[in-house]
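Right, one structure below, let's go through it.
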Amino acid sequence: MRKILPPPDEFYVGYLPEAPNTTATFLKNVVIGIGIVIAILALILVLYQKKFSTNHFEFGINTTVQGYLYTDQVPRIRVPLGKDFHGQEIYQTMLLVGFGKFGASEAIAQLEQSTGVSLHGRFVALTGSLIYGDGKALLQIIPQDNPAERLLAAGTSPMGHEETLVLQSKGETLLPGEVVDSKCFFGVMKPGEGKPHRSCAVRCIAGGIPPILKVKQANNKTAYYLILAEDYTMVNQEILPIVGQPVRLKGRVIQMEDWNLLLVNRQSLLSVTSQVNEWPGLLALDKRFTLCQSE
Amino acid sequence: MSASYQAILWNRQKKIYDTILVSFLLLYAILFVSVNLIIHPEITFETLLIRTTATLAFLLLHIILMIGPLARLHPVFLPLLYNRRHLGVTMFCVAAIHGIFSIIQFHALGNVHPLVSLFLSNTHYGSLPYFPFQALGFLALIIFMLMAVTSHDFWLENLSPKVWKTLHMGVYLAYALVLMHVMLGVIQYETSPVLVVLLGLGLLLLLGLHVAASRKEHQKDQEGFAYNPEADGFIRVCALDEIAENRAKIVSLPEERIAIFRYANHLSAVSNVCKHQNGPLGEGRIIDGCITCPWHGYQYLPHNGSSPPPFKEKVATYDVKLVGRTVYVHPKAYPEGTERPPAVVPTNTIMI
Ligand code: HEM
Ligand code: FES
């Protein structure tokens, strides 16, 4: 140490133009050292981040899709993709979300106002920005991008018999996973899940964006469930306290074509989440899972 | 050394300091961004910005906190201290980009005001793993902001050095807040232990340096000085030869430290505490006839403890006497800036 440090009789005065010689040389080495450490740290920090999802948000790019618009609790557009081997129409259901941290209902209300007709069940040409990943897709819509003439140009016929929705019950289950907001998770934010993203997910779900239970499966794939109450109404407000943390949700699984719904009991959801949110909720400290019993 | 507000005075050393600082910022940011884009091409622009600025600011905070104890351990690090506040203000700016952008990203465009959302979207204040970590970052940012806006000497003067110093000790609180911000934030999400290890190493390094520096300080205070006032109140300090020309001997009394300077056949004693930021005057030098503080170069005349005009800083003075070749000091402090006759060193005792 003694050798590499300059002799103690050198005296540095900041406002003089030159630093004393050995002090200057020593500090030059210190500075080079700091530079190397900074570079190494930058590399380590980049390399050891958790991988990002490949989900994607086509920010600033508009796409027009044609399909049946549903304006109920989960606003969505059901896009016919063509016929399958048996001659049956296949659909992809895209969830609709609004700008920012809002669901699509406000935008849809404005569209109904500008067109002057009820849009539920109508075949429309809807323009918006795509959000997609892992086989799921969403469309962010803004009223200004959808003038009435263009929206209705695809035809105004009400839904035909063959287009009616088939819901299939898959029974009651208890699913471990995390409640995320569909918009951020499927591509707007990375990470769009977990602790760092929690408050954002709370804001998005509070704003009407459909909450989703994300469940890791044994085969390392992920299953997604749209969370609704047993009467198919939204539980966005009730679910907020358990968003973005490990939970188990009990409910009835319903398959709605390419989406699964998880219908939970509103009362038991409320009783569990009000506990979680209790002040001071120290209970949460050692409880990795919050149990939501539906019966 | 200005009591009135002036723009920052630039000099060559500060320019070198700032050039190096900017190069380091660029080096880090360019590496972090470009390697991320190569390894994680699917990362979003927002996350890239939030993470680059977050990690850079935290890195700078570590460097800032290391400089103090390093400079106390060895004077060779003093040049790093000289311009530390530029480092501090830069760190605040980088952290502010991270904080403000995080507020926009995670809280704006929602159904409540972003600042309300910051504190109330996550209400698990009673839980450790689910704790609203962003609120901690916000508090730290407020502390950094107060420190950055009061960093100019104008504020030092106006808030009084004591209040200023206390405010600036807030950096330790802010460091603790940021550490928890990270531990209860991304660390709860990330799976690699490397990040926790890095945080731990950073903490250990800072603790180690601070402990070593305070140990050294403590040792100096203990260094074989017997507090035995003579009948006339004077205390024996040391042999004259122990004080080199234009240097000082520091005497640690129970209440205060006194610096006894030897210069041009004279001995004068002043308080060891610089008026600027409590720098140790006794570790300074006499330059152009003035005691020069080792930290930022504030100057005082040895015989009256006053800064040469136009500056107004003043420190307390003390009586010194020389009996034979032994130096004595009287522990009674004269009001700051009081002129005291120096003890004269007979010319025939000068050692060459
Ligand atoms: C208004 C104040 C702040 C807010 C809202 C905030 C928000 C956040 C958020 C949301 C994250 C997680 C982002 C991610 O997914 O990577 C984060 C991470 C972080 N923040 Fe802050 N922060 C604030 C202030 C600060 C300050 C003052 C510092 C101090 C240097 C800081 C340092 C960090 C660090 C080091 C990380 C980890 C970065 C990483 O992902 O590697 N934050 N902050
Ligand atoms: S403490 Fe800054 S010059 Fe003395």
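Chain identifiers are assigned as A, B, and so on, following the order in which chains appear in the structure tokens; residues are numbered from 1 within each chain, and ligands are numbered from 1 in order of appearance.
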Which residues are near Asn236 in chain A? Cut-off 12 Å, only C-alpha atoms, ignore same chain within fewer than 6 positions. Put them as an mmCIF file with N, CA and C atoms, in the first residue's frame.
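Below you can see result-v3.cif, which holds the result:
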```
data_model
loop_
_atom_site.group_PDB
_atom_site.id
_atom_site.type_symbol
_atom_site.label_atom_id
_atom_site.label_comp_id
_atom_site.auth_asym_id
_atom_site.auth_seq_id
_atom_site.Cartn_x
_atom_site.Cartn_y
_atom_site.Cartn_z
ATOM 1 N N GLN A 73 -69.159 -7.407 -20.694
ATOM 2 C CA GLN A 73 -68.186 -7.226 -19.619
ATOM 3 C C GLN A 73 -66.738 -7.356 -20.071
ATOM 4 N N VAL A 74 -66.525 -8.217 -21.060
ATOM 5 C CA VAL A 74 -65.163 -8.324 -21.603
ATOM 6 C C VAL A 74 -65.224 -7.887 -23.065
ATOM 7 N N PHE A 102 -56.716 1.949 -19.291
ATOM 8 C CA PHE A 102 -58.170 1.859 -19.294
ATOM 9 C C PHE A 102 -58.651 0.710 -20.164
ATOM 10 N N GLY A 103 -59.779 0.154 -19.763
ATOM 11 C CA GLY A 103 -60.433 -0.843 -20.589
ATOM 12 C C GLY A 103 -61.038 -0.151 -21.800
ATOM 13 N N VAL A 179 -52.250 -13.017 -10.792
ATOM 14 C CA VAL A 179 -53.213 -12.193 -11.519
ATOM 15 C C VAL A 179 -52.455 -11.034 -12.163
ATOM 16 N N VAL A 180 -52.537 -10.941 -13.498
ATOM 17 C CA VAL A 180 -51.865 -9.851 -14.219
ATOM 18 C C VAL A 180 -52.905 -9.094 -15.031
ATOM 19 N N ASP A 181 -52.538 -7.893 -15.483
ATOM 20 C CA ASP A 181 -53.462 -7.203 -16.386
ATOM 21 C C ASP A 181 -53.093 -7.607 -17.807
ATOM 22 N N SER A 182 -54.096 -7.920 -18.599
ATOM 23 C CA SER A 182 -53.823 -8.510 -19.911
ATOM 24 C C SER A 182 -53.045 -7.569 -20.821
ATOM 25 N N ALA A 201 -50.150 -2.921 -12.673
ATOM 26 C CA ALA A 201 -51.215 -3.888 -12.944
ATOM 27 C C ALA A 201 -52.477 -3.515 -12.175
ATOM 28 N N VAL A 202 -52.289 -3.055 -10.931
ATOM 29 C CA VAL A 202 -53.434 -2.625 -10.128
ATOM 30 C C VAL A 202 -54.147 -1.472 -10.827
ATOM 31 N N ARG A 203 -53.372 -0.484 -11.301
ATOM 32 C CA ARG A 203 -53.970 0.661 -11.997
ATOM 33 C C ARG A 203 -54.717 0.213 -13.256
ATOM 34 N N CYS A 204 -54.105 -0.671 -14.025
ATOM 35 C CA CYS A 204 -54.716 -1.103 -15.280
ATOM 36 C C CYS A 204 -56.013 -1.859 -15.019
ATOM 37 N N ILE A 205 -55.988 -2.768 -14.034
ATOM 38 C CA ILE A 205 -57.186 -3.562 -13.757
ATOM 39 C C ILE A 205 -58.269 -2.664 -13.160
ATOM 40 N N ALA A 206 -57.852 -1.717 -12.298
ATOM 41 C CA ALA A 206 -58.825 -0.770 -11.747
ATOM 42 C C ALA A 206 -59.440 0.058 -12.868
ATOM 43 N N GLY A 207 -58.692 0.280 -13.934
ATOM 44 C CA GLY A 207 -59.184 1.071 -15.058
ATOM 45 C C GLY A 207 -60.015 0.272 -16.045
ATOM 46 N N GLY A 208 -60.226 -1.004 -15.773
ATOM 47 C CA GLY A 208 -61.132 -1.788 -16.606
ATOM 48 C C GLY A 208 -60.477 -2.761 -17.564
ATOM 49 N N ILE A 209 -59.153 -2.883 -17.507
ATOM 50 C CA ILE A 209 -58.477 -3.851 -18.379
ATOM 51 C C ILE A 209 -58.694 -5.254 -17.804
ATOM 52 N N PRO A 210 -59.066 -6.227 -18.624
ATOM 53 C CA PRO A 210 -59.404 -7.550 -18.105
ATOM 54 C C PRO A 210 -58.250 -8.185 -17.320
ATOM 55 N N PRO A 211 -58.526 -8.638 -16.086
ATOM 56 C CA PRO A 211 -57.505 -9.347 -15.320
ATOM 57 C C PRO A 211 -57.415 -10.788 -15.788
ATOM 58 N N ILE A 212 -56.207 -11.307 -15.734
ATOM 59 C CA ILE A 212 -55.972 -12.668 -16.215
ATOM 60 C C ILE A 212 -55.209 -13.440 -15.151
ATOM 61 N N LEU A 226 -59.264 -15.748 -18.156
ATOM 62 C CA LEU A 226 -59.916 -14.454 -17.943
ATOM 63 C C LEU A 226 -60.761 -14.581 -16.682
ATOM 64 N N ILE A 227 -60.562 -13.667 -15.735
ATOM 65 C CA ILE A 227 -61.255 -13.814 -14.455
ATOM 66 C C ILE A 227 -62.550 -13.004 -14.450
ATOM 67 N N LEU A 228 -63.662 -13.683 -14.169
ATOM 68 C CA LEU A 228 -64.975 -13.036 -14.082
ATOM 69 C C LEU A 228 -65.712 -13.623 -12.883
ATOM 70 N N ALA A 229 -66.801 -12.950 -12.512
ATOM 71 C CA ALA A 229 -67.626 -13.518 -11.447
ATOM 72 C C ALA A 229 -68.502 -14.610 -12.040
ATOM 73 N N ILE A 242 -55.026 -8.713 -4.558
ATOM 74 C CA ILE A 242 -54.164 -9.891 -4.751
ATOM 75 C C ILE A 242 -53.488 -9.899 -6.119
ATOM 76 N N VAL A 243 -53.500 -8.753 -6.777
ATOM 77 C CA VAL A 243 -52.858 -8.667 -8.088
ATOM 78 C C VAL A 243 -51.331 -8.728 -7.925
ATOM 79 N N VAL A 264 -65.167 -16.923 -10.654
ATOM 80 C CA VAL A 264 -64.927 -17.032 -9.205
ATOM 81 C C VAL A 264 -66.129 -16.485 -8.450
ATOM 82 N N ARG A 266 -67.825 -14.122 -6.131
ATOM 83 C CA ARG A 266 -67.506 -12.748 -5.763
ATOM 84 C C ARG A 266 -67.375 -12.578 -4.250
ATOM 85 N N LEU A 269 -64.163 -14.107 -2.905
ATOM 86 C CA LEU A 269 -63.040 -13.283 -3.369
ATOM 87 C C LEU A 269 -62.929 -12.049 -2.475
ATOM 88 N N LEU A 270 -64.068 -11.444 -2.216
ATOM 89 C CA LEU A 270 -64.082 -10.250 -1.366
ATOM 90 C C LEU A 270 -63.569 -10.555 0.029
ATOM 91 N N THR A 273 -59.720 -11.084 -0.189
ATOM 92 C CA THR A 273 -58.918 -9.907 -0.525
ATOM 93 C C THR A 273 -59.012 -8.840 0.555
#
```
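Residues in contact range of range 284-299 of chain B, defined as at most 6 Å between only C-alpha atoms, with sequence neighbours fewer than 6 positions away removed, read Val13 of chain A; Tyr82, Asn246, Arg247 and Ser307 of chain B.
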Proximity of chain A to chain B: per-residue shortest pair, 8 Å limit, only C-alpha atoms, as JSON lines:
```
{"residue": "A:Leu5", "atom": "CA", "partner": "B:Val76", "partner_atom": "CA", "distance": 7.2}
{"residue": "A:Pro6", "atom": "CA", "partner": "B:Val76", "partner_atom": "CA", "distance": 6.9}
{"residue": "A:Pro8", "atom": "CA", "partner": "B:Pro75", "partner_atom": "CA", "distance": 7.4}
{"residue": "A:Phe11", "atom": "CA", "partner": "B:Arg285", "partner_atom": "CA", "distance": 7.5}
{"residue": "A:Tyr12", "atom": "CA", "partner": "B:Pro79", "partner_atom": "CA", "distance": 6.7}
{"residue": "A:Val13", "atom": "CA", "partner": "B:Gly297", "partner_atom": "CA", "distance": 5.7}
{"residue": "A:Gly14", "atom": "CA", "partner": "B:Gln13", "partner_atom": "CA", "distance": 6.0}
{"residue": "A:Tyr15", "atom": "CA", "partner": "B:Asn11", "partner_atom": "CA", "distance": 6.0}
{"residue": "A:Leu16", "atom": "CA", "partner": "B:Gln13", "partner_atom": "CA", "distance": 7.5}
{"residue": "A:Pro17", "atom": "CA", "partner": "B:Arg12", "partner_atom": "CA", "distance": 5.5}
{"residue": "A:Glu18", "atom": "CA", "partner": "B:Gln13", "partner_atom": "CA", "distance": 7.3}
{"residue": "A:Ala19", "atom": "CA", "partner": "B:Gln13", "partner_atom": "CA", "distance": 7.8}
{"residue": "A:Thr23", "atom": "CA", "partner": "B:Val76", "partner_atom": "CA", "distance": 6.0}
{"residue": "A:Phe26", "atom": "CA", "partner": "B:Val76", "partner_atom": "CA", "distance": 7.9}
{"residue": "A:Leu27", "atom": "CA", "partner": "B:Phe77", "partner_atom": "CA", "distance": 7.6}
{"residue": "A:Gly35", "atom": "CA", "partner": "B:Phe24", "partner_atom": "CA", "distance": 6.6}
{"residue": "A:Ile38", "atom": "CA", "partner": "B:Tyr28", "partner_atom": "CA", "distance": 6.4}
{"residue": "A:Ala39", "atom": "CA", "partner": "B:Tyr28", "partner_atom": "CA", "distance": 6.2}
{"residue": "A:Ala42", "atom": "CA", "partner": "B:Phe32", "partner_atom": "CA", "distance": 5.3}
{"residue": "A:Leu43", "atom": "CA", "partner": "B:Phe32", "partner_atom": "CA", "distance": 6.7}
{"residue": "A:Leu45", "atom": "CA", "partner": "B:Leu195", "partner_atom": "CA", "distance": 7.3}
{"residue": "A:Val46", "atom": "CA", "partner": "B:Asn36", "partner_atom": "CA", "distance": 6.0}
{"residue": "A:Leu47", "atom": "CA", "partner": "B:Ile39", "partner_atom": "CA", "distance": 7.8}
{"residue": "A:Tyr48", "atom": "CA", "partner": "B:Ser192", "partner_atom": "CA", "distance": 6.2}
{"residue": "A:Gln49", "atom": "CA", "partner": "B:Glu190", "partner_atom": "CA", "distance": 6.7}
{"residue": "A:Lys50", "atom": "CA", "partner": "B:Glu190", "partner_atom": "CA", "distance": 5.7}
{"residue": "A:Lys51", "atom": "CA", "partner": "B:His40", "partner_atom": "CA", "distance": 7.2}
{"residue": "A:Phe52", "atom": "CA", "partner": "B:Ile43", "partner_atom": "CA", "distance": 6.2}
{"residue": "A:Ser53", "atom": "CA", "partner": "B:Glu42", "partner_atom": "CA", "distance": 7.1}
{"residue": "A:Thr54", "atom": "CA", "partner": "B:Glu42", "partner_atom": "CA", "distance": 5.9}
{"residue": "A:Phe99", "atom": "CA", "partner": "B:Leu109", "partner_atom": "CA", "distance": 7.9}
{"residue": "A:Gly100", "atom": "CA", "partner": "B:Leu109", "partner_atom": "CA", "distance": 4.9}
{"residue": "A:Lys101", "atom": "CA", "partner": "B:Gly110", "partner_atom": "CA", "distance": 4.7}
{"residue": "A:Phe102", "atom": "CA", "partner": "B:Gly110", "partner_atom": "CA", "distance": 6.7}
{"residue": "A:Met189", "atom": "CA", "partner": "B:Thr44", "partner_atom": "CA", "distance": 7.1}
{"residue": "A:Lys190", "atom": "CA", "partner": "B:Thr44", "partner_atom": "CA", "distance": 6.5}
{"residue": "A:Gly194", "atom": "CA", "partner": "B:Tyr189", "partner_atom": "CA", "distance": 5.9}
{"residue": "A:Lys195", "atom": "CA", "partner": "B:Tyr189", "partner_atom": "CA", "distance": 5.8}
{"residue": "A:Pro196", "atom": "CA", "partner": "B:Gly185", "partner_atom": "CA", "distance": 5.4}
{"residue": "A:His197", "atom": "CA", "partner": "B:Phe106", "partner_atom": "CA", "distance": 7.4}
{"residue": "A:Arg198", "atom": "CA", "partner": "B:Asn122", "partner_atom": "CA", "distance": 7.1}
{"residue": "A:Ser199", "atom": "CA", "partner": "B:Ser121", "partner_atom": "CA", "distance": 4.9}
{"residue": "A:Cys200", "atom": "CA", "partner": "B:Phe106", "partner_atom": "CA", "distance": 4.7}
{"residue": "A:Val202", "atom": "CA", "partner": "B:Ser121", "partner_atom": "CA", "distance": 6.0}
{"residue": "A:Arg203", "atom": "CA", "partner": "B:Gly110", "partner_atom": "CA", "distance": 6.1}
{"residue": "A:Cys204", "atom": "CA", "partner": "B:Gly110", "partner_atom": "CA", "distance": 6.9}
{"residue": "A:Ala206", "atom": "CA", "partner": "B:Asn111", "partner_atom": "CA", "distance": 7.6}
{"residue": "A:Gly207", "atom": "CA", "partner": "B:Asn111", "partner_atom": "CA", "distance": 6.0}
{"residue": "A:Pro241", "atom": "CA", "partner": "B:Asn122", "partner_atom": "CA", "distance": 7.8}
{"residue": "A:Gln245", "atom": "CA", "partner": "B:Tyr130", "partner_atom": "CA", "distance": 7.7}
{"residue": "A:Asn277", "atom": "CA", "partner": "B:His124", "partner_atom": "CA", "distance": 6.6}
{"residue": "A:Trp279", "atom": "CA", "partner": "B:Gly126", "partner_atom": "CA", "distance": 6.3}
{"residue": "A:Pro280", "atom": "CA", "partner": "B:Gly126", "partner_atom": "CA", "distance": 4.4}
{"residue": "A:Gly281", "atom": "CA", "partner": "B:Gly126", "partner_atom": "CA", "distance": 4.8}
{"residue": "A:Leu282", "atom": "CA", "partner": "B:Ser127", "partner_atom": "CA", "distance": 5.0}
{"residue": "A:Leu283", "atom": "CA", "partner": "B:Ser127", "partner_atom": "CA", "distance": 7.5}
{"residue": "A:Ala284", "atom": "CA", "partner": "B:Ser127", "partner_atom": "CA", "distance": 5.9}
{"residue": "A:Leu285", "atom": "CA", "partner": "B:Ser127", "partner_atom": "CA", "distance": 5.5}
```
Where in range 65-183 of chain A does DSSP assign strand (DSSP E), given as a PyMOL selection string?
chain A and resi 65-70+76-83+89-97+123-133+136-141+167-181
May I have the residues within 8 Å of Leu119 in chain A as a PyMOL selection string, using only C-alpha atoms and disregarding those fewer than 4 positions away in the same chain?
chain A and resi 69-71+112
Residues from last step as file, N, CA and C atoms, as a PDB file, in the first residue's frame:
```pdb
ATOM      1  N   LEU A  69     -68.152  -7.736 -32.917  1.00  0.00           N
ATOM      2  CA  LEU A  69     -67.783  -6.950 -31.737  1.00  0.00           C
ATOM      3  C   LEU A  69     -68.682  -7.339 -30.569  1.00  0.00           C
ATOM      4  N   TYR A  70     -68.096  -7.581 -29.427  1.00  0.00           N
ATOM      5  CA  TYR A  70     -68.864  -7.859 -28.213  1.00  0.00           C
ATOM      6  C   TYR A  70     -68.615  -6.710 -27.255  1.00  0.00           C
ATOM      7  N   THR A  71     -69.674  -6.075 -26.792  1.00  0.00           N
ATOM      8  CA  THR A  71     -69.493  -4.889 -25.946  1.00  0.00           C
ATOM      9  C   THR A  71     -69.862  -5.182 -24.498  1.00  0.00           C
ATOM     10  N   GLU A 112     -70.308   3.922 -30.230  1.00  0.00           N
ATOM     11  CA  GLU A 112     -71.760   3.735 -30.377  1.00  0.00           C
ATOM     12  C   GLU A 112     -72.444   5.077 -30.548  1.00  0.00           C
TER      13      GLU A 112
END
```
Taking only C-alpha atoms into account, name the residue in A:Ser271, A:Gln168, A:Asn146, A:Gln88 that is nearest to Ser114 in chain A.
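Closest residue, counting only C-alpha atoms: A:Asn146.
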List every residue of range 137-279 of chain A that DSSP, applied to the backbone, labels as helix (DSSP H, G or I), and write the result as an NGL selection string.
:A and (143-145 or 148-152 or 161-163 or 182-188 or 194-206 or 236-242 or 266-276)
Pick out the residues sitting within 10 Å of Ile50 in chain B, and hand them over as a ChimeraX atom specification; count only C-alpha atoms, and ignore anything fewer than 6 positions along from it in its own chain.
/B:94-95,97-102,105
Got time to write the residues from that selection, N, CA, C and O atoms, as a PDB file, in the first residue's frame?
```pdb
ATOM      1  N   VAL B  94     -29.556  11.712 -12.871  1.00  0.00           N
ATOM      2  CA  VAL B  94     -29.766  10.384 -13.453  1.00  0.00           C
ATOM      3  C   VAL B  94     -30.899   9.662 -12.715  1.00  0.00           C
ATOM      4  O   VAL B  94     -31.802   9.068 -13.335  1.00  0.00           O
ATOM      5  N   ALA B  95     -30.883   9.751 -11.371  1.00  0.00           N
ATOM      6  CA  ALA B  95     -31.937   9.098 -10.586  1.00  0.00           C
ATOM      7  C   ALA B  95     -33.294   9.727 -10.891  1.00  0.00           C
ATOM      8  O   ALA B  95     -34.320   9.042 -10.907  1.00  0.00           O
ATOM      9  N   ILE B  97     -34.291  10.990 -13.734  1.00  0.00           N
ATOM     10  CA  ILE B  97     -34.803  10.446 -15.003  1.00  0.00           C
ATOM     11  C   ILE B  97     -35.473   9.097 -14.723  1.00  0.00           C
ATOM     12  O   ILE B  97     -36.597   8.833 -15.154  1.00  0.00           O
ATOM     13  N   HIS B  98     -34.780   8.276 -13.929  1.00  0.00           N
ATOM     14  CA  HIS B  98     -35.338   6.957 -13.590  1.00  0.00           C
ATOM     15  C   HIS B  98     -36.674   7.094 -12.859  1.00  0.00           C
ATOM     16  O   HIS B  98     -37.665   6.452 -13.216  1.00  0.00           O
ATOM     17  N   GLY B  99     -36.694   7.956 -11.840  1.00  0.00           N
ATOM     18  CA  GLY B  99     -37.899   8.088 -11.008  1.00  0.00           C
ATOM     19  C   GLY B  99     -39.065   8.665 -11.794  1.00  0.00           C
ATOM     20  O   GLY B  99     -40.171   8.114 -11.789  1.00  0.00           O
ATOM     21  N   ILE B 100     -38.796   9.760 -12.495  1.00  0.00           N
ATOM     22  CA  ILE B 100     -39.887  10.418 -13.215  1.00  0.00           C
ATOM     23  C   ILE B 100     -40.417   9.500 -14.321  1.00  0.00           C
ATOM     24  O   ILE B 100     -41.617   9.345 -14.509  1.00  0.00           O
ATOM     25  N   PHE B 101     -39.492   8.856 -15.001  1.00  0.00           N
ATOM     26  CA  PHE B 101     -39.945   7.976 -16.073  1.00  0.00           C
ATOM     27  C   PHE B 101     -40.708   6.776 -15.526  1.00  0.00           C
ATOM     28  O   PHE B 101     -41.679   6.315 -16.134  1.00  0.00           O
ATOM     29  N   SER B 102     -40.300   6.282 -14.347  1.00  0.00           N
ATOM     30  CA  SER B 102     -41.035   5.174 -13.734  1.00  0.00           C
ATOM     31  C   SER B 102     -42.439   5.623 -13.353  1.00  0.00           C
ATOM     32  O   SER B 102     -43.403   4.873 -13.503  1.00  0.00           O
ATOM     33  N   GLN B 105     -44.368   5.723 -16.557  1.00  0.00           N
ATOM     34  CA  GLN B 105     -44.603   4.386 -17.092  1.00  0.00           C
ATOM     35  C   GLN B 105     -45.613   3.599 -16.261  1.00  0.00           C
ATOM     36  O   GLN B 105     -46.513   2.976 -16.784  1.00  0.00           O
TER      37      GLN B 105
END
```
Counting only C-alpha atoms and all ligand atoms, which residue out of A:Ala223, A:Ala24, A:Ile44, A:Val37 sits closest to ligand 1?
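Answer, going by the shortest atom-to-atom distance: A:Ile44.
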Which residues are close to Met256 in chain A, i.e. within 12 Å by only C-alpha atoms, leaving aside same-chain residues fewer than 6 positions away? Reply as a list of chain:residue names.
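My list of contacting residues is A:Val74, A:Arg78, A:Tyr91, A:Gln92, A:Thr93, A:Thr164, A:Leu165, A:Val166, A:Leu167, A:Gln168, A:Ser169, A:Lys170, A:Tyr225, A:Leu226, A:Leu262.
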What is the CA of Tyr232 in chain A-CA of Lys216 in chain A distance in Å, reported with one decimal?
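Straight-line distance from CA of Tyr232 in chain A to CA of Lys216 in chain A works out to 24.3 Å.
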